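Have a look at the structure below before the remarks.
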Amino acid sequence: MGLITIEDGAWAQHTSPNDAQLRTWCEQLESGDILYFPHTPIVLPPSDLEFLLGQQQTDSSLHKNIAYKPNIDKLSGVDTKTADARAVERLQGIMRNYSKSVTQFLTGFLAPYRSNWQLDYASFRPQEEQGRDLALRKRNDLLHTDAFPTRPTHGARILRFFNNIHPTRTRDWIVGDPFAQVVREFVPSQIGPRPDTFVSKFGKNLGQAVGLGAAIPSLKRTPYDDFMMRFHNFLKENVGFQAECARYPYQFPTGSSWMVYTDTVPHAVLAGQYALEQTFLVRPEALVAPEHSPLRVLEQIAGTALV
């Protein structure tokens, strides 16, 4: 696991999905490396940056992490009752263009994944990360792997692309050892992955059939998703893990981008303000090195299929 620096324009000559270099970059990501761009390949117009940096933490309408849902062209995390309608419209346009720009770039850079990934949410994070007062399971400064409480991936991997847009400050991360090592070293066998029983599978199917999936998110989870959610919580709540695990610091400067499979790499954000991010869900059949995926690692441990 490490930081792989991608120099400016290094990808320009690689255009075929079968290009060996493109597959190498995918494999590096899948094994737990971070791909780092000292100068972001995503064009962000100065006027858009100025607008985003003008959204202060104390603004009652734009004070949270803002999510943009590209598949339905909708913002969440904005109080539309108090927000200025023109500001909301402007923010939505900026997020729409950012999401399209990242998708266009990665469609070429990660060409082996073409047509086998799902575009997920983009986000704008205007708050200072250091010292945020959050509930334990929502804290960003504790090492964790990602899982979505209400959006199970059913074995797809969580790939995230980040931009630090702060004009002067770094965004400070720490990361831990990759999933396969951590899950074997720190997770007790009694909370390990386990397949659905006949009764639990019947209960989930019945609950979804009668329309309870939206109200009870666990009904939509496969055994894989159930473990990944429990693992996320376990890492944040485990004092021993937080104190004893390997910790590798990285500082991402202003104007840089990086991407990582956040379901594989335990990570935490210690400090920084103003960042953009786009998430993709990469289906198992698209992976270049599926043996590194949490799904395959867990199925090997459990000795059975988990989706």
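For the structure tokens, the naming scheme is as follows: chains receive sequential letters (A, B, ...) according to their order of presentation, residues are indexed from 1 within each chain, and ligands are indexed from 1 in presentation order.
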Using only C-alpha atoms, what table do you get, as a Markdown table, when you list each residue of range 107-143 of chain A with an atom no more than 12 Å from range 32-51 of chain A, its nearest pair of atoms, and their distance in Å rounded to one decimal, rows by chain then rising number?
```
| residue | atom | partner | partner_atom | distance |
| --- | --- | --- | --- | --- |
| A:Gly108 | CA | A:Pro41 | CA | 11.9 |
| A:Phe109 | CA | A:Pro41 | CA | 10.5 |
| A:Leu110 | CA | A:Leu35 | CA | 11.5 |
| A:Phe124 | CA | A:Leu49 | CA | 11.4 |
| A:Pro126 | CA | A:Phe51 | CA | 11.4 |
```
Non-local contacts of Pro188 in chain A (12 Å; only C-alpha atoms; under 4 positions in same chain excluded) as a PyMOL selection string: chain A and resi 182-184+192-193+231+234-235+238+241
How would the residues just picked look written out with N, CA, C and O atoms as a JSON list (two decimals), in the first residue's frame?
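Printed below is again.json as written:
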```json
[["chain", "number", "residue", "atom", "x", "y", "z"],
["A", 182, "VAL", "N", -6.31, -5.89, 8.07],
["A", 182, "VAL", "CA", -7.00, -5.39, 9.26],
["A", 182, "VAL", "C", -8.08, -6.36, 9.72],
["A", 182, "VAL", "O", -8.23, -6.64, 10.91],
["A", 183, "VAL", "N", -8.85, -6.90, 8.77],
["A", 183, "VAL", "CA", -9.97, -7.75, 9.15],
["A", 183, "VAL", "C", -9.48, -9.03, 9.81],
["A", 183, "VAL", "O", -10.13, -9.58, 10.72],
["A", 184, "ARG", "N", -8.32, -9.52, 9.41],
["A", 184, "ARG", "CA", -7.78, -10.74, 10.01],
["A", 184, "ARG", "C", -7.09, -10.46, 11.34],
["A", 184, "ARG", "O", -7.06, -11.32, 12.22],
["A", 192, "GLY", "N", -17.48, -11.97, 12.63],
["A", 192, "GLY", "CA", -17.04, -12.11, 11.25],
["A", 192, "GLY", "C", -18.20, -12.26, 10.28],
["A", 192, "GLY", "O", -19.37, -12.35, 10.69],
["A", 193, "PRO", "N", -17.91, -12.33, 8.99],
["A", 193, "PRO", "CA", -18.97, -12.43, 7.97],
["A", 193, "PRO", "C", -19.71, -13.75, 8.09],
["A", 193, "PRO", "O", -19.11, -14.80, 8.34],
["A", 231, "PHE", "N", -18.54, -3.58, 10.32],
["A", 231, "PHE", "CA", -17.09, -3.36, 10.35],
["A", 231, "PHE", "C", -16.77, -1.88, 10.47],
["A", 231, "PHE", "O", -15.88, -1.47, 11.22],
["A", 234, "PHE", "N", -17.48, -1.02, 14.01],
["A", 234, "PHE", "CA", -16.53, -1.70, 14.89],
["A", 234, "PHE", "C", -15.20, -0.95, 14.94],
["A", 234, "PHE", "O", -14.63, -0.74, 16.01],
["A", 235, "LEU", "N", -14.71, -0.52, 13.78],
["A", 235, "LEU", "CA", -13.42, 0.18, 13.75],
["A", 235, "LEU", "C", -13.49, 1.50, 14.50],
["A", 235, "LEU", "O", -12.58, 1.84, 15.26],
["A", 238, "ASN", "N", -13.74, 0.81, 18.30],
["A", 238, "ASN", "CA", -12.72, -0.05, 18.90],
["A", 238, "ASN", "C", -11.51, 0.78, 19.32],
["A", 238, "ASN", "O", -10.68, 1.18, 18.50],
["A", 241, "PHE", "N", -8.10, -0.80, 18.37],
["A", 241, "PHE", "CA", -7.72, -0.62, 16.98],
["A", 241, "PHE", "C", -7.21, 0.79, 16.73],
["A", 241, "PHE", "O", -6.16, 0.98, 16.11]]
```
Expected answer as a VMD selection string: strand (DSSP E or B) residues in range 13-244 of chain A: chain A and resid 34 to 37 66 to 69 74 to 76 117 to 125 144 157 to 164 171 to 175
Distance query range 70-79 of chain A at most 12 Å, only C-alpha atoms, self and fewer than 3 positions along chain excluded, as JSON, numbers by chain: {"A": [55, 59, 60, 61, 62, 63, 64, 65, 66, 67, 82, 83, 84, 85, 87, 88, 89, 90, 91, 92, 93, 94, 95, 96, 97, 98, 99, 100, 101, 102, 103, 118, 119, 120, 121, 122, 123, 124, 125, 126, 278, 279, 280]}
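Our summary of the geometry notes that CA of Leu287 in chain A is positioned 28.2 Å from CA of Gln251 in chain A.
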May I have a table of the residues of range 93-206 of chain A lying at most 10 Å from range 291-300 of chain A, giving each one's closest pair of atoms and their distance in Å to one decimal, counting only C-alpha atoms, ordered by chain and ascending residue number, as JSON lines?
```
{"residue": "A:His154", "atom": "CA", "partner": "A:Leu295", "partner_atom": "CA", "distance": 9.1}
{"residue": "A:Gly155", "atom": "CA", "partner": "A:Leu295", "partner_atom": "CA", "distance": 5.9}
{"residue": "A:Ala156", "atom": "CA", "partner": "A:Leu295", "partner_atom": "CA", "distance": 8.4}
{"residue": "A:Arg157", "atom": "CA", "partner": "A:Ser293", "partner_atom": "CA", "distance": 7.4}
{"residue": "A:Pro178", "atom": "CA", "partner": "A:His292", "partner_atom": "CA", "distance": 9.2}
{"residue": "A:Phe179", "atom": "CA", "partner": "A:Pro294", "partner_atom": "CA", "distance": 6.7}
{"residue": "A:Ala180", "atom": "CA", "partner": "A:Val297", "partner_atom": "CA", "distance": 6.3}
{"residue": "A:Gln181", "atom": "CA", "partner": "A:Val297", "partner_atom": "CA", "distance": 9.8}
{"residue": "A:Val183", "atom": "CA", "partner": "A:Leu298", "partner_atom": "CA", "distance": 8.8}
{"residue": "A:Arg184", "atom": "CA", "partner": "A:Val297", "partner_atom": "CA", "distance": 9.7}
{"residue": "A:Gly192", "atom": "CA", "partner": "A:Leu298", "partner_atom": "CA", "distance": 8.4}
{"residue": "A:Pro193", "atom": "CA", "partner": "A:Leu298", "partner_atom": "CA", "distance": 6.4}
{"residue": "A:Arg194", "atom": "CA", "partner": "A:Leu298", "partner_atom": "CA", "distance": 9.0}
{"residue": "A:Pro195", "atom": "CA", "partner": "A:Glu299", "partner_atom": "CA", "distance": 9.3}
```
Helix (DSSP H, G or I) positions in range 50-196 of chain A, given as a PyMOL selection string: chain A and resi 50-53+85-109+111-113+136-138+179-186+189-191
Length of the CA of Ala305 in chain A to CA of Pro149 in chain A vector [Å]: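 Result for CA of Ala305 in chain A versus CA of Pro149 in chain A: 21.2 Å, one decimal.
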Residues within 6 Å of range 263-266 of chain A, only C-alpha atoms, excluding chain neighbours under 3 positions, as a list in words: Gly32, Leu143, His144, Thr145, Asp146, Ile158, Val175, Gly176, Pro178 and Phe179 of chain A
Residue nearest Met1 in chain A among A:Leu159, A:Leu53, A:Val260, A:Leu134 (counting only C-alpha atoms):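 For Met1 in chain A, the nearest of the given residues is A:Val260.
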Atom-to-atom span, CA of Leu306 in chain A and CA of Asp225 in chain A, Å: 8.6 Å
Among the residues A:Gln242, A:Ser31, A:Thr254, A:Thr24, the one that comes closest to Ile165 in chain A [using only C-alpha atoms]: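 Nearest to Ile165 in chain A: A:Thr254.
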Residue neighbourhood Ala135 in chain A, 12 Å, only C-alpha atoms, exclusion window fewer than 5 positions, as a VMD selection string: chain A and resid 140 to 142 233 236 to 237
